[in-house]
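**Student:** Next comes my_file.txt, compact mmCIF, C-alpha atoms:
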```txt
# COMPACT_ATOMS: atom_id res chain seq x y z
CA MET A 1 -45.95 28.90 -26.77
CA GLU A 2 -45.90 27.62 -23.30
CA GLN A 3 -47.73 29.87 -20.93
CA LEU A 4 -45.97 31.09 -17.83
CA LYS A 5 -46.34 28.55 -15.05
CA ALA A 6 -47.88 31.02 -12.64
CA ILE A 7 -50.53 31.89 -15.21
CA GLU A 8 -51.19 28.25 -16.07
CA ARG A 9 -51.68 27.45 -12.41
CA ALA A 10 -54.13 30.31 -11.84
CA VAL A 11 -56.06 29.45 -15.02
CA GLU A 12 -56.30 25.82 -13.97
CA ASN A 13 -57.60 26.69 -10.52
CA ILE A 14 -60.05 29.32 -11.73
CA SER A 15 -61.45 26.99 -14.39
CA LYS A 16 -62.38 24.53 -11.63
CA LEU A 17 -65.08 26.96 -10.49
CA PRO A 18 -68.57 26.12 -11.71
CA SER A 19 -69.59 27.49 -15.14
CA ILE A 20 -66.13 28.96 -15.82
CA GLY A 21 -64.45 27.39 -18.83
CA LYS A 22 -60.81 27.56 -19.90
CA LYS A 23 -61.24 30.73 -21.98
CA SER A 24 -63.11 32.61 -19.24
CA ALA A 25 -60.47 31.51 -16.74
CA GLU A 26 -57.77 32.91 -19.01
CA ARG A 27 -59.56 36.24 -19.37
CA LEU A 28 -60.08 36.42 -15.61
CA THR A 29 -56.42 35.64 -14.97
CA TYR A 30 -55.26 38.43 -17.26
CA ALA A 31 -57.81 40.75 -15.69
CA LEU A 32 -56.45 39.87 -12.24
CA LEU A 33 -52.94 40.59 -13.49
CA SER A 34 -53.92 44.04 -14.68
CA MET A 35 -55.83 44.90 -11.48
CA LYS A 36 -54.28 47.01 -8.75
CA GLU A 37 -52.53 44.81 -6.21
CA GLU A 38 -54.62 46.21 -3.35
CA ASP A 39 -57.85 45.32 -5.14
CA VAL A 40 -56.63 41.77 -5.71
CA GLU A 41 -55.69 41.53 -2.03
CA GLU A 42 -59.14 42.69 -0.95
CA LEU A 43 -60.74 40.12 -3.27
CA LEU A 44 -58.56 37.31 -1.94
CA SER A 45 -59.04 38.25 1.70
CA SER A 46 -62.81 38.39 1.30
CA ILE A 47 -62.80 34.90 -0.22
CA SER A 48 -60.45 33.59 2.40
CA ASP A 49 -62.67 35.02 5.15
CA LEU A 50 -65.67 33.10 3.84
CA HIS A 51 -64.40 29.85 5.29
CA LYS A 52 -63.04 31.47 8.45
CA VAL A 53 -66.09 33.49 9.41
CA ILE A 54 -69.00 31.43 8.16
CA HIS A 55 -70.29 28.30 9.85
CA GLN A 56 -73.53 26.34 9.89
CA CYS A 57 -76.46 27.42 12.03
CA LYS A 58 -76.88 24.93 14.90
CA ILE A 59 -80.61 24.66 14.25
CA CYS A 60 -81.24 24.86 10.50
CA PHE A 61 -77.74 24.37 8.98
CA ASN A 62 -78.05 27.58 7.01
CA LEU A 63 -74.87 29.63 6.75
CA SER A 64 -74.25 31.86 9.72
CA GLU A 65 -71.59 34.02 11.29
CA ASP A 66 -72.94 33.19 14.76
CA GLU A 67 -74.09 29.99 16.43
CA LEU A 68 -77.63 30.65 15.20
CA CYS A 69 -78.46 32.23 11.85
CA PRO A 70 -80.41 35.53 11.69
CA ILE A 71 -83.56 33.69 10.61
CA CYS A 72 -83.59 31.19 13.49
CA LYS A 73 -82.88 34.04 15.91
CA ASN A 74 -85.74 36.16 14.55
CA ASN A 75 -88.84 35.94 16.79
CA GLU A 76 -91.03 37.55 14.16
CA ARG A 77 -90.67 34.52 11.89
CA ASP A 78 -93.14 31.66 12.15
CA HIS A 79 -91.13 28.92 13.81
CA SER A 80 -93.91 26.35 13.33
CA GLN A 81 -93.38 26.33 9.57
CA ILE A 82 -90.18 24.79 8.22
CA MET A 83 -89.12 24.97 4.58
CA VAL A 84 -86.68 22.19 3.72
CA VAL A 85 -84.13 23.12 1.05
CA SER A 86 -81.04 21.41 -0.27
CA TYR A 87 -78.54 24.25 -0.15
CA PRO A 88 -77.96 27.57 1.64
CA LYS A 89 -78.24 29.40 -1.69
CA ASP A 90 -81.86 28.21 -1.90
CA VAL A 91 -82.58 30.02 1.37
CA LEU A 92 -81.17 33.14 -0.22
CA ALA A 93 -83.38 32.69 -3.29
CA PHE A 94 -86.52 32.62 -1.10
CA GLU A 95 -85.40 35.37 1.26
CA LYS A 96 -84.86 37.67 -1.68
CA ILE A 97 -88.54 37.59 -2.64
CA GLY A 98 -89.61 38.25 0.95
CA GLU A 99 -92.81 36.18 0.66
CA TYR A 100 -91.94 33.50 3.19
CA SER A 101 -92.06 34.17 6.92
CA GLY A 102 -91.36 30.71 8.30
CA VAL A 103 -87.98 29.16 9.05
CA TYR A 104 -85.74 26.78 7.09
CA HIS A 105 -83.92 23.51 7.28
CA VAL A 106 -80.94 23.01 4.98
CA LEU A 107 -80.33 19.38 4.06
CA GLY A 108 -76.85 20.02 2.72
CA GLY A 109 -77.51 18.18 -0.56
CA VAL A 110 -79.74 15.60 -2.20
CA ILE A 111 -79.73 11.83 -2.14
CA ALA A 112 -77.37 10.85 -4.97
CA PRO A 113 -75.98 7.33 -4.64
CA ASN A 114 -73.86 7.74 -7.80
CA LYS A 115 -72.08 10.69 -6.20
CA GLY A 116 -71.74 8.85 -2.89
CA VAL A 117 -74.34 11.02 -1.12
CA SER A 118 -76.65 8.86 0.97
CA ILE A 119 -79.42 9.62 3.43
CA GLU A 120 -77.02 9.70 6.36
CA ASP A 121 -75.03 12.52 4.75
CA LEU A 122 -78.02 14.85 4.80
CA ASN A 123 -79.34 16.78 7.81
CA ILE A 124 -82.46 14.65 8.12
CA SER A 125 -82.26 13.27 11.66
CA SER A 126 -81.83 16.83 12.95
CA LEU A 127 -84.98 17.81 11.05
CA ILE A 128 -86.92 14.99 12.72
CA GLU A 129 -85.59 16.09 16.08
CA ARG A 130 -86.86 19.62 15.38
CA ILE A 131 -90.30 18.26 14.50
CA LYS A 132 -90.42 16.04 17.57
CA SER A 133 -89.34 18.64 20.11
CA ASN A 134 -91.15 21.71 18.78
CA ASP A 135 -94.69 22.52 17.78
CA ILE A 136 -94.17 22.30 14.02
CA LYS A 137 -97.34 22.61 11.96
CA GLU A 138 -96.04 22.44 8.41
CA VAL A 139 -92.99 21.19 6.57
CA ILE A 140 -92.64 22.62 3.04
CA ILE A 141 -90.38 20.50 0.89
CA ALA A 142 -88.49 22.76 -1.50
CA THR A 143 -85.82 20.55 -2.96
CA ASN A 144 -84.84 21.27 -6.57
CA PRO A 145 -87.24 19.91 -9.23
CA THR A 146 -84.64 17.45 -10.50
CA ILE A 147 -84.75 13.65 -10.26
CA GLU A 148 -82.43 13.68 -7.26
CA GLY A 149 -84.29 16.54 -5.59
CA GLU A 150 -87.63 14.79 -6.17
CA THR A 151 -86.32 11.51 -4.77
CA THR A 152 -85.06 13.28 -1.70
CA GLY A 153 -88.39 15.06 -1.27
CA LEU A 154 -90.41 11.88 -1.61
CA TYR A 155 -88.14 10.07 0.84
CA LEU A 156 -88.61 12.89 3.33
CA ALA A 157 -92.40 12.97 2.89
CA LYS A 158 -92.55 9.21 3.54
CA LYS A 159 -90.30 9.59 6.56
CA LEU A 160 -92.46 12.35 8.05
CA GLU A 161 -95.77 10.48 7.68
CA GLU A 162 -95.63 9.19 11.23
CA TYR A 163 -95.45 12.68 12.72
CA ASN A 164 -98.38 15.00 13.26
CA VAL A 165 -97.27 17.59 10.72
CA ALA A 166 -98.58 18.73 7.34
CA VAL A 167 -96.08 17.99 4.60
CA THR A 168 -96.33 20.09 1.43
CA ARG A 169 -94.15 20.62 -1.58
CA LEU A 170 -93.71 23.63 -3.85
CA ALA A 171 -96.11 23.83 -6.79
CA TYR A 172 -94.64 23.23 -10.18
CA GLY A 173 -94.34 26.57 -11.65
CA LEU A 174 -90.70 25.55 -11.47
CA GLN A 175 -89.19 24.23 -14.66
CA ILE A 176 -88.38 20.56 -14.25
CA GLY A 177 -84.65 20.00 -14.55
CA ALA A 178 -83.70 23.56 -13.69
CA SER A 179 -82.00 24.82 -10.60
CA LEU A 180 -84.08 26.56 -7.93
CA ASP A 181 -81.75 29.51 -7.49
CA TYR A 182 -81.96 30.40 -11.19
CA ALA A 183 -85.75 30.81 -11.03
CA ASP A 184 -87.13 34.35 -11.20
CA SER A 185 -88.99 35.93 -8.28
CA LEU A 186 -92.43 35.52 -9.84
CA THR A 187 -91.93 31.81 -10.48
CA LEU A 188 -90.71 31.33 -6.94
CA THR A 189 -93.69 33.27 -5.55
CA ARG A 190 -96.17 31.22 -7.62
CA ALA A 191 -94.50 28.02 -6.60
CA LEU A 192 -94.75 29.00 -2.96
CA GLU A 193 -98.41 30.12 -3.17
CA GLY A 194 -99.52 27.01 -5.03
CA ARG A 195 -97.80 24.55 -2.76
CA ILE A 196 -99.74 21.30 -2.33
CA LYS A 197 -99.99 18.63 0.31
CA ILE A 198 -97.90 15.56 -0.44
CA MET B 1 -83.15 39.15 4.30
CA GLU B 2 -79.80 40.71 4.76
CA GLN B 3 -77.02 38.53 3.53
CA LEU B 4 -74.17 37.71 5.83
CA LYS B 5 -71.56 40.45 5.68
CA ALA B 6 -68.75 38.09 4.73
CA ILE B 7 -70.83 36.81 1.80
CA GLU B 8 -71.83 40.30 0.71
CA ARG B 9 -68.20 41.38 0.71
CA ALA B 10 -67.06 38.40 -1.37
CA VAL B 11 -69.96 38.86 -3.82
CA GLU B 12 -69.14 42.53 -4.20
CA ASN B 13 -65.46 41.86 -4.90
CA ILE B 14 -66.10 38.97 -7.26
CA SER B 15 -68.67 40.95 -9.25
CA LYS B 16 -65.99 43.57 -9.95
CA LEU B 17 -64.25 41.06 -12.23
CA PRO B 18 -65.00 41.53 -15.95
CA SER B 19 -68.11 39.79 -17.33
CA ILE B 20 -69.20 38.54 -13.90
CA GLY B 21 -72.55 39.98 -12.81
CA LYS B 22 -74.15 39.98 -9.38
CA LYS B 23 -75.92 36.62 -9.85
CA SER B 24 -72.80 34.84 -11.11
CA ALA B 25 -70.81 36.33 -8.25
CA GLU B 26 -73.37 34.96 -5.80
CA ARG B 27 -73.20 31.49 -7.33
CA LEU B 28 -69.41 31.58 -7.27
CA THR B 29 -69.39 32.68 -3.64
CA TYR B 30 -71.63 29.80 -2.59
CA ALA B 31 -69.51 27.44 -4.68
CA LEU B 32 -66.39 28.70 -2.91
CA LEU B 33 -68.12 28.14 0.42
CA SER B 34 -68.88 24.55 -0.44
CA MET B 35 -65.39 23.82 -1.76
CA LYS B 36 -62.77 22.06 0.36
CA GLU B 37 -60.70 24.57 2.27
CA GLU B 38 -57.44 23.28 0.76
CA ASP B 39 -58.79 23.78 -2.77
CA VAL B 40 -59.78 27.35 -1.94
CA GLU B 41 -56.32 27.97 -0.49
CA GLU B 42 -54.64 26.63 -3.62
CA LEU B 43 -56.87 28.89 -5.76
CA LEU B 44 -56.09 31.95 -3.65
CA SER B 45 -52.37 31.29 -3.50
CA SER B 46 -52.18 30.85 -7.27
CA ILE B 47 -53.91 34.20 -7.78
CA SER B 48 -51.78 35.89 -5.18
CA ASP B 49 -48.62 34.53 -6.85
CA LEU B 50 -49.58 36.12 -10.15
CA HIS B 51 -48.59 39.57 -8.96
CA LYS B 52 -45.56 38.31 -7.03
CA VAL B 53 -44.01 36.15 -9.73
CA ILE B 54 -44.95 37.89 -12.94
CA HIS B 55 -43.29 41.05 -14.24
CA GLN B 56 -42.89 42.77 -17.58
CA CYS B 57 -40.27 41.66 -20.06
CA LYS B 58 -37.55 44.34 -20.29
CA ILE B 59 -37.65 44.29 -24.07
CA CYS B 60 -41.22 43.73 -25.22
CA PHE B 61 -43.30 44.36 -22.04
CA ASN B 62 -44.96 41.00 -22.36
CA LEU B 63 -45.57 39.16 -19.09
CA SER B 64 -42.57 37.23 -17.86
CA GLU B 65 -41.27 35.40 -14.82
CA ASP B 66 -37.71 36.42 -15.72
CA GLU B 67 -36.11 39.64 -16.89
CA LEU B 68 -36.75 38.64 -20.49
CA CYS B 69 -39.81 36.71 -21.68
CA PRO B 70 -39.43 33.29 -23.35
CA ILE B 71 -40.16 34.83 -26.76
CA CYS B 72 -37.49 37.52 -26.57
CA LYS B 73 -35.01 34.93 -25.28
CA ASN B 74 -35.77 32.52 -28.12
CA ASN B 75 -33.11 32.67 -30.86
CA GLU B 76 -35.26 30.71 -33.27
CA ARG B 77 -37.76 33.55 -33.50
CA ASP B 78 -37.33 36.25 -36.14
CA HIS B 79 -36.20 39.25 -34.15
CA SER B 80 -36.44 41.56 -37.18
CA GLN B 81 -40.23 41.32 -37.21
CA ILE B 82 -42.15 42.97 -34.37
CA MET B 83 -45.88 42.58 -33.83
CA VAL B 84 -47.28 45.45 -31.79
CA VAL B 85 -50.24 44.50 -29.60
CA SER B 86 -52.13 46.33 -26.89
CA TYR B 87 -52.20 43.68 -24.17
CA PRO B 88 -50.29 40.57 -23.06
CA LYS B 89 -53.39 38.45 -23.65
CA ASP B 90 -53.14 39.36 -27.35
CA VAL B 91 -49.68 37.78 -27.43
CA LEU B 92 -51.24 34.63 -26.01
CA ALA B 93 -53.97 34.68 -28.67
CA PHE B 94 -51.35 34.70 -31.45
CA GLU B 95 -48.99 32.24 -29.78
CA LYS B 96 -51.82 29.73 -29.50
CA ILE B 97 -52.23 29.48 -33.26
CA GLY B 98 -48.46 29.02 -33.72
CA GLU B 99 -48.42 30.85 -37.09
CA TYR B 100 -46.23 33.77 -36.11
CA SER B 101 -42.51 33.39 -35.61
CA GLY B 102 -41.47 37.01 -35.02
CA VAL B 103 -41.35 38.85 -31.72
CA TYR B 104 -43.79 41.23 -30.01
CA HIS B 105 -44.09 44.64 -28.46
CA VAL B 106 -46.85 45.16 -25.89
CA LEU B 107 -48.11 48.75 -25.73
CA GLY B 108 -49.94 48.24 -22.45
CA GLY B 109 -53.20 49.75 -23.71
CA VAL B 110 -54.64 52.03 -26.37
CA ILE B 111 -54.84 55.78 -26.69
CA ALA B 112 -58.05 56.69 -24.84
CA PRO B 113 -58.18 60.34 -23.70
CA ASN B 114 -61.58 59.83 -22.04
CA LYS B 115 -60.05 57.16 -19.79
CA GLY B 116 -56.97 59.26 -19.15
CA VAL B 117 -54.70 57.06 -21.27
CA SER B 118 -52.45 59.20 -23.43
CA ILE B 119 -49.54 58.46 -25.75
CA GLU B 120 -47.02 58.79 -22.94
CA ASP B 121 -48.70 56.01 -20.99
CA LEU B 122 -48.03 53.48 -23.73
CA ASN B 123 -44.74 51.70 -24.45
CA ILE B 124 -44.11 53.64 -27.64
CA SER B 125 -40.75 55.28 -27.05
CA SER B 126 -39.29 51.89 -26.13
CA LEU B 127 -40.63 50.54 -29.46
CA ILE B 128 -38.89 53.34 -31.35
CA GLU B 129 -35.68 52.61 -29.46
CA ARG B 130 -35.95 48.96 -30.51
CA ILE B 131 -36.39 49.99 -34.14
CA LYS B 132 -33.47 52.43 -34.01
CA SER B 133 -30.97 50.15 -32.36
CA ASN B 134 -31.81 46.84 -34.07
CA ASP B 135 -32.20 45.70 -37.63
CA ILE B 136 -35.99 45.65 -37.69
CA LYS B 137 -37.53 44.92 -41.11
CA GLU B 138 -41.25 44.91 -40.34
CA VAL B 139 -43.60 46.23 -37.69
CA ILE B 140 -47.03 44.54 -37.73
CA ILE B 141 -49.65 46.64 -36.01
CA ALA B 142 -52.13 44.34 -34.30
CA THR B 143 -54.14 46.62 -32.06
CA ASN B 144 -57.79 45.68 -31.56
CA PRO B 145 -60.14 46.65 -34.42
CA THR B 146 -61.96 49.18 -32.26
CA ILE B 147 -61.97 52.95 -32.63
CA GLU B 148 -59.35 53.35 -29.93
CA GLY B 149 -57.24 50.50 -31.29
CA GLU B 150 -57.41 51.99 -34.81
CA THR B 151 -56.47 55.43 -33.57
CA THR B 152 -53.49 54.00 -31.74
CA GLY B 153 -52.45 52.02 -34.83
CA LEU B 154 -52.71 55.03 -37.13
CA TYR B 155 -50.77 57.18 -34.70
CA LEU B 156 -48.03 54.55 -34.57
CA ALA B 157 -47.91 54.16 -38.36
CA LYS B 158 -47.49 57.93 -38.74
CA LYS B 159 -44.82 57.96 -36.06
CA LEU B 160 -42.84 55.16 -37.74
CA GLU B 161 -42.84 56.75 -41.20
CA GLU B 162 -39.43 58.34 -40.67
CA TYR B 163 -37.75 54.99 -39.98
CA ASN B 164 -36.62 52.53 -42.59
CA VAL B 165 -39.11 49.83 -41.64
CA ALA B 166 -42.17 48.31 -43.32
CA VAL B 167 -45.30 49.00 -41.30
CA THR B 168 -48.25 46.66 -41.84
CA ARG B 169 -51.51 46.04 -40.08
CA LEU B 170 -53.61 42.90 -39.70
CA ALA B 171 -56.14 42.27 -42.47
CA TYR B 172 -59.73 42.69 -41.55
CA GLY B 173 -60.99 39.28 -41.16
CA LEU B 174 -61.44 40.59 -37.64
CA GLN B 175 -64.89 41.78 -36.74
CA ILE B 176 -64.88 45.52 -36.18
CA GLY B 177 -65.75 46.33 -32.59
CA ALA B 178 -64.82 42.90 -31.24
CA SER B 179 -61.95 42.00 -29.01
CA LEU B 180 -58.89 40.36 -30.52
CA ASP B 181 -58.59 37.63 -27.92
CA TYR B 182 -62.14 36.42 -28.58
CA ALA B 183 -61.40 35.72 -32.25
CA ASP B 184 -61.09 32.09 -33.33
CA SER B 185 -57.82 30.64 -34.60
CA LEU B 186 -58.86 30.65 -38.25
CA THR B 187 -59.84 34.32 -38.16
CA LEU B 188 -56.56 35.19 -36.52
CA THR B 189 -54.60 33.16 -39.07
CA ARG B 190 -56.41 34.84 -42.00
CA ALA B 191 -55.90 38.23 -40.47
CA LEU B 192 -52.20 37.54 -40.13
CA GLU B 193 -51.76 36.14 -43.67
CA GLY B 194 -53.67 38.98 -45.30
CA ARG B 195 -51.86 41.76 -43.49
CA ILE B 196 -51.35 44.88 -45.61
CA LYS B 197 -48.90 47.71 -45.68
CA ILE B 198 -50.17 50.86 -43.99
```
Any chance you could give the structure as structure tokens?
**Tutor:**
Amino acid sequence: MEQLKAIERAVENISKLPSIGKKSAERLTYALLSMKEEDVEELLSSISDLHKVIHQCKICFNLSEDELCPICKNNERDHSQIMVVSYPKDVLAFEKIGEYSGVYHVLGGVIAPNKGVSIEDLNISSLIERIKSNDIKEVIIATNPTIEGETTGLYLAKKLEEYNVAVTRLAYGLQIGASLDYADSLTLTRALEGRIKI
Amino acid sequence: MEQLKAIERAVENISKLPSIGKKSAERLTYALLSMKEEDVEELLSSISDLHKVIHQCKICFNLSEDELCPICKNNERDHSQIMVVSYPKDVLAFEKIGEYSGVYHVLGGVIAPNKGVSIEDLNISSLIERIKSNDIKEVIIATNPTIEGETTGLYLAKKLEEYNVAVTRLAYGLQIGASLDYADSLTLTRALEGRIKI
């Protein structure tokens, strides 16, 4: 049986989302079809708003609804301590455990030549500018414990040697090869506490 | 940290979808944020079209873009054999294995008094009309092998006793308690072949 075109199209698009296979996409499509139209509309409008309302923070490149994100605007945070992460979701992972009171810098990815991501594509020069023009005491490198994340971290550490700033990385309580935002709170806390100087 | 409102709203809506928890919804939201805007638009428009383009077939209540679904319109199918299923996705499950050449009747649910679904809410009277006004030889009851599905099937079998039609149900190769559209092709084929008279 050929599936209806409208269903095929929705299944195809939904299965492009990460960790959603063909079968899940089909189930989701049929679920969407059986949902009330107003609920579907609310879902779609909230997704559509994401791109309209959310931009990058001018300072740290975290996601923000305003020019500056709530963390960069917060005077109670320690602005002399910058944690460097790859993605906005990594900021969320650390904010959830509430153990970190410094600020962030979101690189926007990792160095991955095979995927066409080079050093220039990451927010590195802006990080160096921040270090140069502010009194930054510590940079905590918190890229994912993957080969690409490690490479990016090591490159950054090398790059920051010439500045008067302590460079540390998260301790390995993290499982090598895993993704930072899948780690549980305890692991993240341990990794933060045990951070070492690079 | 409080999440951005736009993100919170998207996460909340996405986590309402079946089998998507809070953490998956968060990952999907961040994935949507990092997708190209045109890809997000295509995704949203395909979902939005589902409700606009797809209706119920006038005869069998399967999903259809036209007044009649492709199965009811198909003269090569055996229109004297009706398989009664609960949901449109169950039609898809059987059509995928290509072993059934009859037609369908979609009830639109199962009898579930605790969820406020009663006999009148299901497409039962239309099924009886089909049996009365056409030369129907067999009705195959293929409701899910759950308590509610069984109850619905038994009710139907009782109801159809007074008509000159063979009523069968799928053999139990199906796992009791599981959902029909999760079953693999072989299980579905066996269940169809071994169907018994109720």
**Student:** Would you list which chain B residues are within 6 Å of chain A using only C-alpha atoms, as a PyMOL selection string?
**Tutor:** chain B and resi 1+6+10+13+43+46-47+50+95
**Student:** How far is it from atom CA of A:Leu156 to atom CA of A:Asn123, in Å with one decimal?
**Tutor:**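 Going from atom CA of A:Leu156 over to atom CA of A:Asn123, I get 11.0 Å.
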**Student:** Between atom CA of A:Tyr155 and atom CA of A:Ile131, what is the distance in Å, rounded to a tenth?
**Tutor:**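 Atom-to-atom, atom CA of A:Tyr155 and atom CA of A:Ile131 are spaced 16.1 Å apart.
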**Student:** Interatomic distance between atom CA of A:Arg130 and atom CA of A:Cys60?
**Tutor:** 9.1 Å
**Student:** Rank B:Glu76, B:Asp135, B:Asp66, B:Glu99 by their smallest atom-to-atom distance to B:Ala191, using only C-alpha atoms, and report the top residue only.
**Tutor:**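 Residue with the minimum atom-to-atom distance to B:Ala191: B:Glu99.
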**Student:** Here is a test: counting only C-alpha atoms, which residue of B:Val103, B:Tyr163, B:Phe61, B:Val84 is nearest to B:Ser133?
**Tutor:**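 Result for the nearest residue to B:Ser133: B:Tyr163.
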**Student:** Write out as a PDB file with C-alpha atoms, in the frame of the given file which residues come within 10 Å of B:Ile147 when counting all atoms listed in the file, dropping same-chain ones fewer than 2 positions away.
**Tutor:**
```pdb
ATOM      1  CA  VAL B 110     -54.640  52.030 -26.370  1.00  0.00           C
ATOM      2  CA  ILE B 111     -54.840  55.780 -26.690  1.00  0.00           C
ATOM      3  CA  ALA B 112     -58.050  56.690 -24.840  1.00  0.00           C
ATOM      4  CA  ASN B 144     -57.790  45.680 -31.560  1.00  0.00           C
ATOM      5  CA  PRO B 145     -60.140  46.650 -34.420  1.00  0.00           C
ATOM      6  CA  GLY B 149     -57.240  50.500 -31.290  1.00  0.00           C
ATOM      7  CA  GLU B 150     -57.410  51.990 -34.810  1.00  0.00           C
ATOM      8  CA  THR B 151     -56.470  55.430 -33.570  1.00  0.00           C
ATOM      9  CA  THR B 152     -53.490  54.000 -31.740  1.00  0.00           C
ATOM     10  CA  GLY B 153     -52.450  52.020 -34.830  1.00  0.00           C
ATOM     11  CA  ILE B 176     -64.880  45.520 -36.180  1.00  0.00           C
ATOM     12  CA  GLY B 177     -65.750  46.330 -32.590  1.00  0.00           C
TER      13      GLY B 177
END
```
**Student:** Here is a test: counting all atoms listed in the file, which residue of A:Asp121, A:Glu38, A:Asp90, A:Glu148 is nearest to A:His105?
**Tutor:**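 Once distances to A:His105 are computed over all atoms listed in the file, the minimum belongs to A:Asp90.
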**Student:** Pick the closest to A:His79 from A:Thr146, A:Gln56, A:Ser118, A:Asn134: which is it, counting all atoms listed in the file?
**Tutor:**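 Result for the nearest residue to A:His79: A:Asn134.
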**Student:** Set the distance at 6 Å and use all atoms listed in the file: which residues neighbour B:Ser86 once local chain neighbours fewer than 6 positions away are removed? I'd like the list as a list of chain:residue names.
**Tutor:** B:Val106, B:Leu107, B:Gly108, B:Gly109, B:Thr143
**Student:** Could you save the residues just selected, with C-alpha atoms, as a CSV table (one decimal), keeping the file's coordinate frame?
**Tutor:**
```
chain,number,residue,atom,x,y,z
B,106,VAL,CA,-46.8,45.2,-25.9
B,107,LEU,CA,-48.1,48.8,-25.7
B,108,GLY,CA,-49.9,48.2,-22.4
B,109,GLY,CA,-53.2,49.8,-23.7
B,143,THR,CA,-54.1,46.6,-32.1
```
**Student:** Starting from the incomplete input, reconstruct N, CA and C atoms of stretch 52-69 of chain A and write that as a CSV table (one decimal), in the coordinates of the input.
**Tutor:**
```
chain,number,residue,atom,x,y,z
A,52,LYS,N,-63.4,31.2,7.0
A,52,LYS,CA,-63.0,31.5,8.4
A,52,LYS,C,-64.2,31.9,9.3
A,53,VAL,N,-65.1,32.8,8.7
A,53,VAL,CA,-66.1,33.5,9.4
A,53,VAL,C,-67.4,32.8,9.4
A,54,ILE,N,-67.7,32.0,8.4
A,54,ILE,CA,-69.0,31.4,8.2
A,54,ILE,C,-69.1,30.0,8.6
A,55,HIS,N,-70.1,29.7,9.4
A,55,HIS,CA,-70.3,28.3,9.8
A,55,HIS,C,-71.7,27.9,9.6
A,56,GLN,N,-72.1,26.8,10.1
A,56,GLN,CA,-73.5,26.3,9.9
A,56,GLN,C,-74.3,26.7,11.1
A,57,CYS,N,-75.6,27.2,10.9
A,57,CYS,CA,-76.5,27.4,12.0
A,57,CYS,C,-76.7,26.1,12.8
A,58,LYS,N,-76.7,26.1,14.1
A,58,LYS,CA,-76.9,24.9,14.9
A,58,LYS,C,-78.3,24.3,14.7
A,59,ILE,N,-79.2,25.2,14.4
A,59,ILE,CA,-80.6,24.7,14.2
A,59,ILE,C,-80.9,24.2,12.8
A,60,CYS,N,-80.7,25.1,11.9
A,60,CYS,CA,-81.2,24.9,10.5
A,60,CYS,C,-80.1,24.6,9.5
A,61,PHE,N,-78.9,24.7,9.9
A,61,PHE,CA,-77.7,24.4,9.0
A,61,PHE,C,-77.6,25.4,7.8
A,62,ASN,N,-78.3,26.5,7.9
A,62,ASN,CA,-78.0,27.6,7.0
A,62,ASN,C,-76.7,28.2,7.4
A,63,LEU,N,-76.1,29.0,6.5
A,63,LEU,CA,-74.9,29.6,6.8
A,63,LEU,C,-75.1,30.7,7.8
A,64,SER,N,-74.1,30.9,8.7
A,64,SER,CA,-74.2,31.9,9.7
A,64,SER,C,-72.9,32.3,10.2
A,65,GLU,N,-72.8,33.6,10.7
A,65,GLU,CA,-71.6,34.0,11.3
A,65,GLU,C,-71.6,33.7,12.8
A,66,ASP,N,-72.8,33.5,13.3
A,66,ASP,CA,-72.9,33.2,14.8
A,66,ASP,C,-73.4,31.8,14.9
A,67,GLU,N,-73.6,31.4,16.2
A,67,GLU,CA,-74.1,30.0,16.4
A,67,GLU,C,-75.4,29.7,15.8
A,68,LEU,N,-76.3,30.7,15.9
A,68,LEU,CA,-77.6,30.6,15.2
A,68,LEU,C,-77.7,31.7,14.1
A,69,CYS,N,-78.4,31.3,13.0
A,69,CYS,CA,-78.5,32.2,11.8
A,69,CYS,C,-79.5,33.3,12.2
```
